[in-house]
Every structure is written in C-alpha cells, then in structure tokens.
Amino acid sequence: MSKLRALIVDDEPLICDELYSVLSAVQDVEIQGIAYNAWDAEKIMAAKAVDVAFLDIQMPGMSGLELARKLANGPQAPLLVFVTAYSGFAVDAFAVDAVDYILKPFDKQDVDRVLKKLRVWRQVKQQAPVRVQGFGRNLCVEAGDRLEVIPVRNIQFIQANDRQVFLHTVEGQTFGVRRRLNELEEMLDPKDFYRCHRNYIVNVNQIRQVANWFNRGYLLILKESEAEIPVGRVYAPLLKEYLQL
C-alpha cells in the first residue's frame, strides 16, 4: 500500500516540530507539509494530495473545526485527526467525523495508536462499498483499533443521543458510528429501516409489538432486547403503512 500522506496544521511551531519528528520516523508516512494556520493548510491541500490532516482545534482566525467542516464538503476530503490540549473538544471532533484526537502533550505511543486507526480507515475508504440494489449490505463501525463489519440485517435500531450516534445489533452489541442519522437513513433500504423519530431508525423486522403512547403516539417494542422506541407524531402515518395498522 502507498504511503499515508500527512499534513500538520498547528499555530504552535514547537508542536509542529514534535509531530513532524514522530511522523517522519514512520516508514509508511510521508509528510506533505506544515501549515501554521488554516489558510496555508488549504493552499497546501490544493497543491498536494493529502490522506490525513493533523489539525489543531484552536487557531487564530479559522479554527481547526471550521477548516474540517470546509474540507468535509470538498471532493477529496482527507481523514482528520485533531491535536488539542482539551479533551472537552472530543465530541466536537467526532461531530465532523474525525478518526480520533491526540491530547497535548503527546508522545510516540499516542501517535502510533492513531496511525493504526488511520491505516484501517484509509483501507476502508479506498474500497468501494458492497451494494445490493443501491443500498449498503454492510456498515463499518469502530471497535477499538479495528473496524467491525456489521451486516445491515443484524442492525436492530440506531439512536442519536447528544450529538453522537449509536448502532445497536440484534446480538445486543452497541457501537458508536461516525455518521449522522440522516446519512445512515439514506444508506439503508427503506423497505427494512424506518425513521420513526428524529433520534431513531428501527429495523422493521425487529418490531415485536406496537403500544399506544401518550398524545396519540406509539411505542415500538423490539424483539429480544425488549427495547422501547418512541414514534414521533410526524412519523406515525408512515408506521401505519409499514405495519398496516
């Protein structure tokens, strides 16, 4: 496999030098440049191919998060790793689909941990997804330093909670997902997956019971897990089509 082409973006020269020192010693990493602000980073990425950007979050002018949002809309969006002194930014980092984040001060082990994830994510990104009639057959979710391949038929429901998305399987496993609920809804076959609430998508084959809920709503009781999933009023008419109520 070709080298992982990396860009370092941080307004602190010392941090850039430390990260450069660690990354340049890794055989399968090629550093494409160092930028001390977001605008210079954009110029470098316009001129060179970048697989991963190591971004500081707090920078003068355009922040790393703002740059990440701009890159997400581009045709060749790189993988993202945030480098920050504040763990409180973790939720914001994952909201823009960052692979991971590194806390300052960092060491070689911190960088090696992230590089393991990056190698896996790049491999998945380069592979075309397997599709059946235009819809995905599998979803990849993060499990430690690996990516777990989940057949969509094994998904029981998907839940958005506090700006994070969680996938629950029929086997009772729960995984964090680096995608928004709207994106997942578009990837899944609507014959089998029903957006029943602004925070939930449910596998209709896993519905065991439908209970009346307050304000003329419904509550879906799922098989095995007995999970109770609310149906929003806006989504209730579609439930009647799914289950012929």
# chains A, B, ... in the order shown; residues from 1 in each chain; ligands from 1

call {"tool": "residues_around", "arguments": {"residues": "segment 150-155 of chain A", "least_positions_apart": "5", "cutoff": "7 Å", "atoms": "only C-alpha atoms", "output": "PDB file with C-alpha atoms, in the first residue's frame"}}
result
ATOM      1  CA  ARG A 137     -25.182  -4.604   2.648  1.00  0.00           C
ATOM      2  CA  ASN A 138     -22.733  -3.839   5.461  1.00  0.00           C
ATOM      3  CA  LEU A 139     -21.803  -0.948   7.711  1.00  0.00           C
ATOM      4  CA  CYS A 140     -18.338  -0.429   9.198  1.00  0.00           C
ATOM      5  CA  HIS A 168     -27.492  -1.466  18.360  1.00  0.00           C
ATOM      6  CA  THR A 169     -27.353  -5.004  16.963  1.00  0.00           C
ATOM      7  CA  VAL A 170     -29.687  -7.960  17.378  1.00  0.00           C
ATOM      8  CA  ASN A 203     -35.307  -2.301  11.649  1.00  0.00           C
TER       9      ASN A 203
END

call {"tool": "closest_residue", "arguments": {"among": "A:Asp40, A:Glu18, A:Asp100, A:Glu186", "to": "Lys116 of chain A", "atoms": "only C-alpha atoms"}}
result
A:Asp100

call {"tool": "residues_around", "arguments": {"residues": "Ala160 of chain A", "least_positions_apart": "4", "cutoff": "6 Å", "atoms": "only C-alpha atoms", "output": "list in words"}}
result
Gln164, Val165 and Asn199 of chain A

call {"tool": "residues_around", "arguments": {"residues": "Ile15 of chain A", "least_positions_apart": "3", "cutoff": "10 Å", "atoms": "only C-alpha atoms", "output": "PDB file with all heavy atoms, in the first residue's frame"}}
result
ATOM      1  N   ILE A   8       0.441  18.568   8.633  1.00  0.00           N
ATOM      2  CA  ILE A   8       0.406  19.028  10.019  1.00  0.00           C
ATOM      3  C   ILE A   8      -0.069  20.478  10.027  1.00  0.00           C
ATOM      4  O   ILE A   8       0.491  21.322   9.321  1.00  0.00           O
ATOM      5  CB  ILE A   8       1.795  18.927  10.662  1.00  0.00           C
ATOM      6  CG1 ILE A   8       2.274  17.466  10.673  1.00  0.00           C
ATOM      7  CG2 ILE A   8       1.788  19.494  12.076  1.00  0.00           C
ATOM      8  CD1 ILE A   8       3.741  17.309  11.042  1.00  0.00           C
ATOM      9  N   VAL A   9      -1.106  20.760  10.829  1.00  0.00           N
ATOM     10  CA  VAL A   9      -1.673  22.113  10.877  1.00  0.00           C
ATOM     11  C   VAL A   9      -1.785  22.542  12.341  1.00  0.00           C
ATOM     12  O   VAL A   9      -2.630  22.031  13.084  1.00  0.00           O
ATOM     13  CB  VAL A   9      -3.063  22.177  10.209  1.00  0.00           C
ATOM     14  CG1 VAL A   9      -3.535  23.627  10.116  1.00  0.00           C
ATOM     15  CG2 VAL A   9      -3.045  21.522   8.844  1.00  0.00           C
ATOM     16  N   ASP A  10      -0.940  23.475  12.757  1.00  0.00           N
ATOM     17  CA  ASP A  10      -0.940  23.946  14.144  1.00  0.00           C
ATOM     18  C   ASP A  10      -0.235  25.292  14.193  1.00  0.00           C
ATOM     19  O   ASP A  10       0.776  25.486  13.516  1.00  0.00           O
ATOM     20  CB  ASP A  10      -0.238  22.936  15.057  1.00  0.00           C
ATOM     21  CG  ASP A  10      -0.612  23.113  16.522  1.00  0.00           C
ATOM     22  OD1 ASP A  10      -0.431  24.240  17.045  1.00  0.00           O
ATOM     23  OD2 ASP A  10      -1.065  22.140  17.150  1.00  0.00           O
ATOM     24  N   ASP A  11      -0.752  26.217  14.995  1.00  0.00           N
ATOM     25  CA  ASP A  11      -0.133  27.538  15.079  1.00  0.00           C
ATOM     26  C   ASP A  11       1.045  27.567  16.050  1.00  0.00           C
ATOM     27  O   ASP A  11       1.698  28.605  16.192  1.00  0.00           O
ATOM     28  CB  ASP A  11      -1.173  28.594  15.474  1.00  0.00           C
ATOM     29  CG  ASP A  11      -1.739  28.358  16.867  1.00  0.00           C
ATOM     30  OD1 ASP A  11      -2.031  27.192  17.197  1.00  0.00           O
ATOM     31  OD2 ASP A  11      -1.903  29.339  17.623  1.00  0.00           O
ATOM     32  N   GLU A  12       1.318  26.435  16.717  1.00  0.00           N
ATOM     33  CA  GLU A  12       2.449  26.353  17.638  1.00  0.00           C
ATOM     34  C   GLU A  12       3.613  25.635  16.951  1.00  0.00           C
ATOM     35  O   GLU A  12       3.563  24.422  16.742  1.00  0.00           O
ATOM     36  CB  GLU A  12       2.070  25.597  18.907  1.00  0.00           C
ATOM     37  CG  GLU A  12       0.954  26.237  19.709  1.00  0.00           C
ATOM     38  CD  GLU A  12       0.626  25.431  20.960  1.00  0.00           C
ATOM     39  OE1 GLU A  12       1.499  25.318  21.840  1.00  0.00           O
ATOM     40  OE2 GLU A  12      -0.492  24.890  21.035  1.00  0.00           O
ATOM     41  N   GLU A  18       7.475  18.684  16.999  1.00  0.00           N
ATOM     42  CA  GLU A  18       7.382  17.409  17.711  1.00  0.00           C
ATOM     43  C   GLU A  18       6.625  16.374  16.885  1.00  0.00           C
ATOM     44  O   GLU A  18       7.032  15.215  16.773  1.00  0.00           O
ATOM     45  CB  GLU A  18       6.693  17.617  19.060  1.00  0.00           C
ATOM     46  CG  GLU A  18       7.535  18.386  20.071  1.00  0.00           C
ATOM     47  CD  GLU A  18       6.809  18.600  21.385  1.00  0.00           C
ATOM     48  OE1 GLU A  18       5.650  18.159  21.498  1.00  0.00           O
ATOM     49  OE2 GLU A  18       7.401  19.211  22.302  1.00  0.00           O
ATOM     50  N   LEU A  19       5.517  16.806  16.291  1.00  0.00           N
ATOM     51  CA  LEU A  19       4.717  15.880  15.494  1.00  0.00           C
ATOM     52  C   LEU A  19       5.469  15.477  14.227  1.00  0.00           C
ATOM     53  O   LEU A  19       5.434  14.308  13.816  1.00  0.00           O
ATOM     54  CB  LEU A  19       3.375  16.535  15.141  1.00  0.00           C
ATOM     55  CG  LEU A  19       2.274  15.633  14.578  1.00  0.00           C
ATOM     56  CD1 LEU A  19       2.043  14.409  15.460  1.00  0.00           C
ATOM     57  CD2 LEU A  19       0.976  16.414  14.423  1.00  0.00           C
ATOM     58  N   TYR A  20       6.176  16.422  13.645  1.00  0.00           N
ATOM     59  CA  TYR A  20       6.982  16.121  12.460  1.00  0.00           C
ATOM     60  C   TYR A  20       8.054  15.089  12.801  1.00  0.00           C
ATOM     61  O   TYR A  20       8.306  14.151  12.032  1.00  0.00           O
ATOM     62  CB  TYR A  20       7.629  17.393  11.920  1.00  0.00           C
ATOM     63  CG  TYR A  20       8.472  17.170  10.685  1.00  0.00           C
ATOM     64  CD1 TYR A  20       7.914  17.276   9.418  1.00  0.00           C
ATOM     65  CD2 TYR A  20       9.826  16.833  10.790  1.00  0.00           C
ATOM     66  CE1 TYR A  20       8.683  17.056   8.277  1.00  0.00           C
ATOM     67  CE2 TYR A  20      10.602  16.612   9.668  1.00  0.00           C
ATOM     68  CZ  TYR A  20      10.023  16.722   8.415  1.00  0.00           C
ATOM     69  OH  TYR A  20      10.784  16.484   7.295  1.00  0.00           O
ATOM     70  N   SER A  21       8.695  15.249  13.958  1.00  0.00           N
ATOM     71  CA  SER A  21       9.752  14.340  14.378  1.00  0.00           C
ATOM     72  C   SER A  21       9.232  12.915  14.528  1.00  0.00           C
ATOM     73  O   SER A  21       9.877  11.952  14.098  1.00  0.00           O
ATOM     74  CB  SER A  21      10.359  14.821  15.701  1.00  0.00           C
ATOM     75  OG  SER A  21      11.333  13.915  16.166  1.00  0.00           O
ATOM     76  N   ASP A  56      -4.824  21.212  14.675  1.00  0.00           N
ATOM     77  CA  ASP A  56      -5.062  21.860  15.958  1.00  0.00           C
ATOM     78  C   ASP A  56      -6.489  22.409  15.930  1.00  0.00           C
ATOM     79  O   ASP A  56      -6.986  22.833  14.876  1.00  0.00           O
ATOM     80  CB  ASP A  56      -4.057  22.996  16.154  1.00  0.00           C
ATOM     81  CG  ASP A  56      -4.200  23.668  17.509  1.00  0.00           C
ATOM     82  OD1 ASP A  56      -4.797  23.058  18.421  1.00  0.00           O
ATOM     83  OD2 ASP A  56      -3.709  24.799  17.657  1.00  0.00           O
ATOM     84  N   VAL A  83      -5.486  17.573  17.115  1.00  0.00           N
ATOM     85  CA  VAL A  83      -4.421  17.657  18.114  1.00  0.00           C
ATOM     86  C   VAL A  83      -4.784  18.818  19.029  1.00  0.00           C
ATOM     87  O   VAL A  83      -4.796  19.973  18.599  1.00  0.00           O
ATOM     88  CB  VAL A  83      -3.049  17.879  17.457  1.00  0.00           C
ATOM     89  CG1 VAL A  83      -1.955  17.854  18.518  1.00  0.00           C
ATOM     90  CG2 VAL A  83      -2.780  16.816  16.392  1.00  0.00           C
ATOM     91  N   LYS A 104      -2.508  17.037  23.775  1.00  0.00           N
ATOM     92  CA  LYS A 104      -1.210  17.627  24.082  1.00  0.00           C
ATOM     93  C   LYS A 104      -1.006  17.620  25.599  1.00  0.00           C
ATOM     94  O   LYS A 104      -1.967  17.872  26.336  1.00  0.00           O
ATOM     95  CB  LYS A 104      -1.143  19.073  23.585  1.00  0.00           C
ATOM     96  CG  LYS A 104      -1.408  19.275  22.114  1.00  0.00           C
ATOM     97  CD  LYS A 104      -1.444  20.768  21.785  1.00  0.00           C
ATOM     98  CE  LYS A 104      -1.820  21.037  20.352  1.00  0.00           C
ATOM     99  NZ  LYS A 104      -1.917  22.486  20.053  1.00  0.00           N
ATOM    100  N   PRO A 105       0.184  17.353  26.090  1.00  0.00           N
ATOM    101  CA  PRO A 105       1.376  16.905  25.361  1.00  0.00           C
ATOM    102  C   PRO A 105       1.228  15.434  24.979  1.00  0.00           C
ATOM    103  O   PRO A 105       0.616  14.653  25.711  1.00  0.00           O
ATOM    104  CB  PRO A 105       2.491  17.104  26.389  1.00  0.00           C
ATOM    105  CG  PRO A 105       1.821  16.944  27.707  1.00  0.00           C
ATOM    106  CD  PRO A 105       0.437  17.510  27.530  1.00  0.00           C
ATOM    107  N   PHE A 106       1.774  15.052  23.843  1.00  0.00           N
ATOM    108  CA  PHE A 106       1.647  13.684  23.350  1.00  0.00           C
ATOM    109  C   PHE A 106       3.023  13.038  23.255  1.00  0.00           C
ATOM    110  O   PHE A 106       4.060  13.707  23.352  1.00  0.00           O
ATOM    111  CB  PHE A 106       0.952  13.677  21.987  1.00  0.00           C
ATOM    112  CG  PHE A 106       1.628  14.540  20.965  1.00  0.00           C
ATOM    113  CD1 PHE A 106       2.717  14.079  20.240  1.00  0.00           C
ATOM    114  CD2 PHE A 106       1.179  15.836  20.731  1.00  0.00           C
ATOM    115  CE1 PHE A 106       3.346  14.877  19.308  1.00  0.00           C
ATOM    116  CE2 PHE A 106       1.817  16.657  19.790  1.00  0.00           C
ATOM    117  CZ  PHE A 106       2.901  16.176  19.087  1.00  0.00           C
TER     118      PHE A 106
END

call {"tool": "atom_distance", "arguments": {"atom1": "atom CA of Tyr242 of chain A", "atom2": "atom CA of Asn205 of chain A"}}
result
10.2 Å

call {"tool": "closest_residue", "arguments": {"among": "A:Asp112, A:Asp192, A:Glu42, A:Glu241", "to": "Lys70 of chain A", "atoms": "only C-alpha atoms"}}
result
A:Glu42
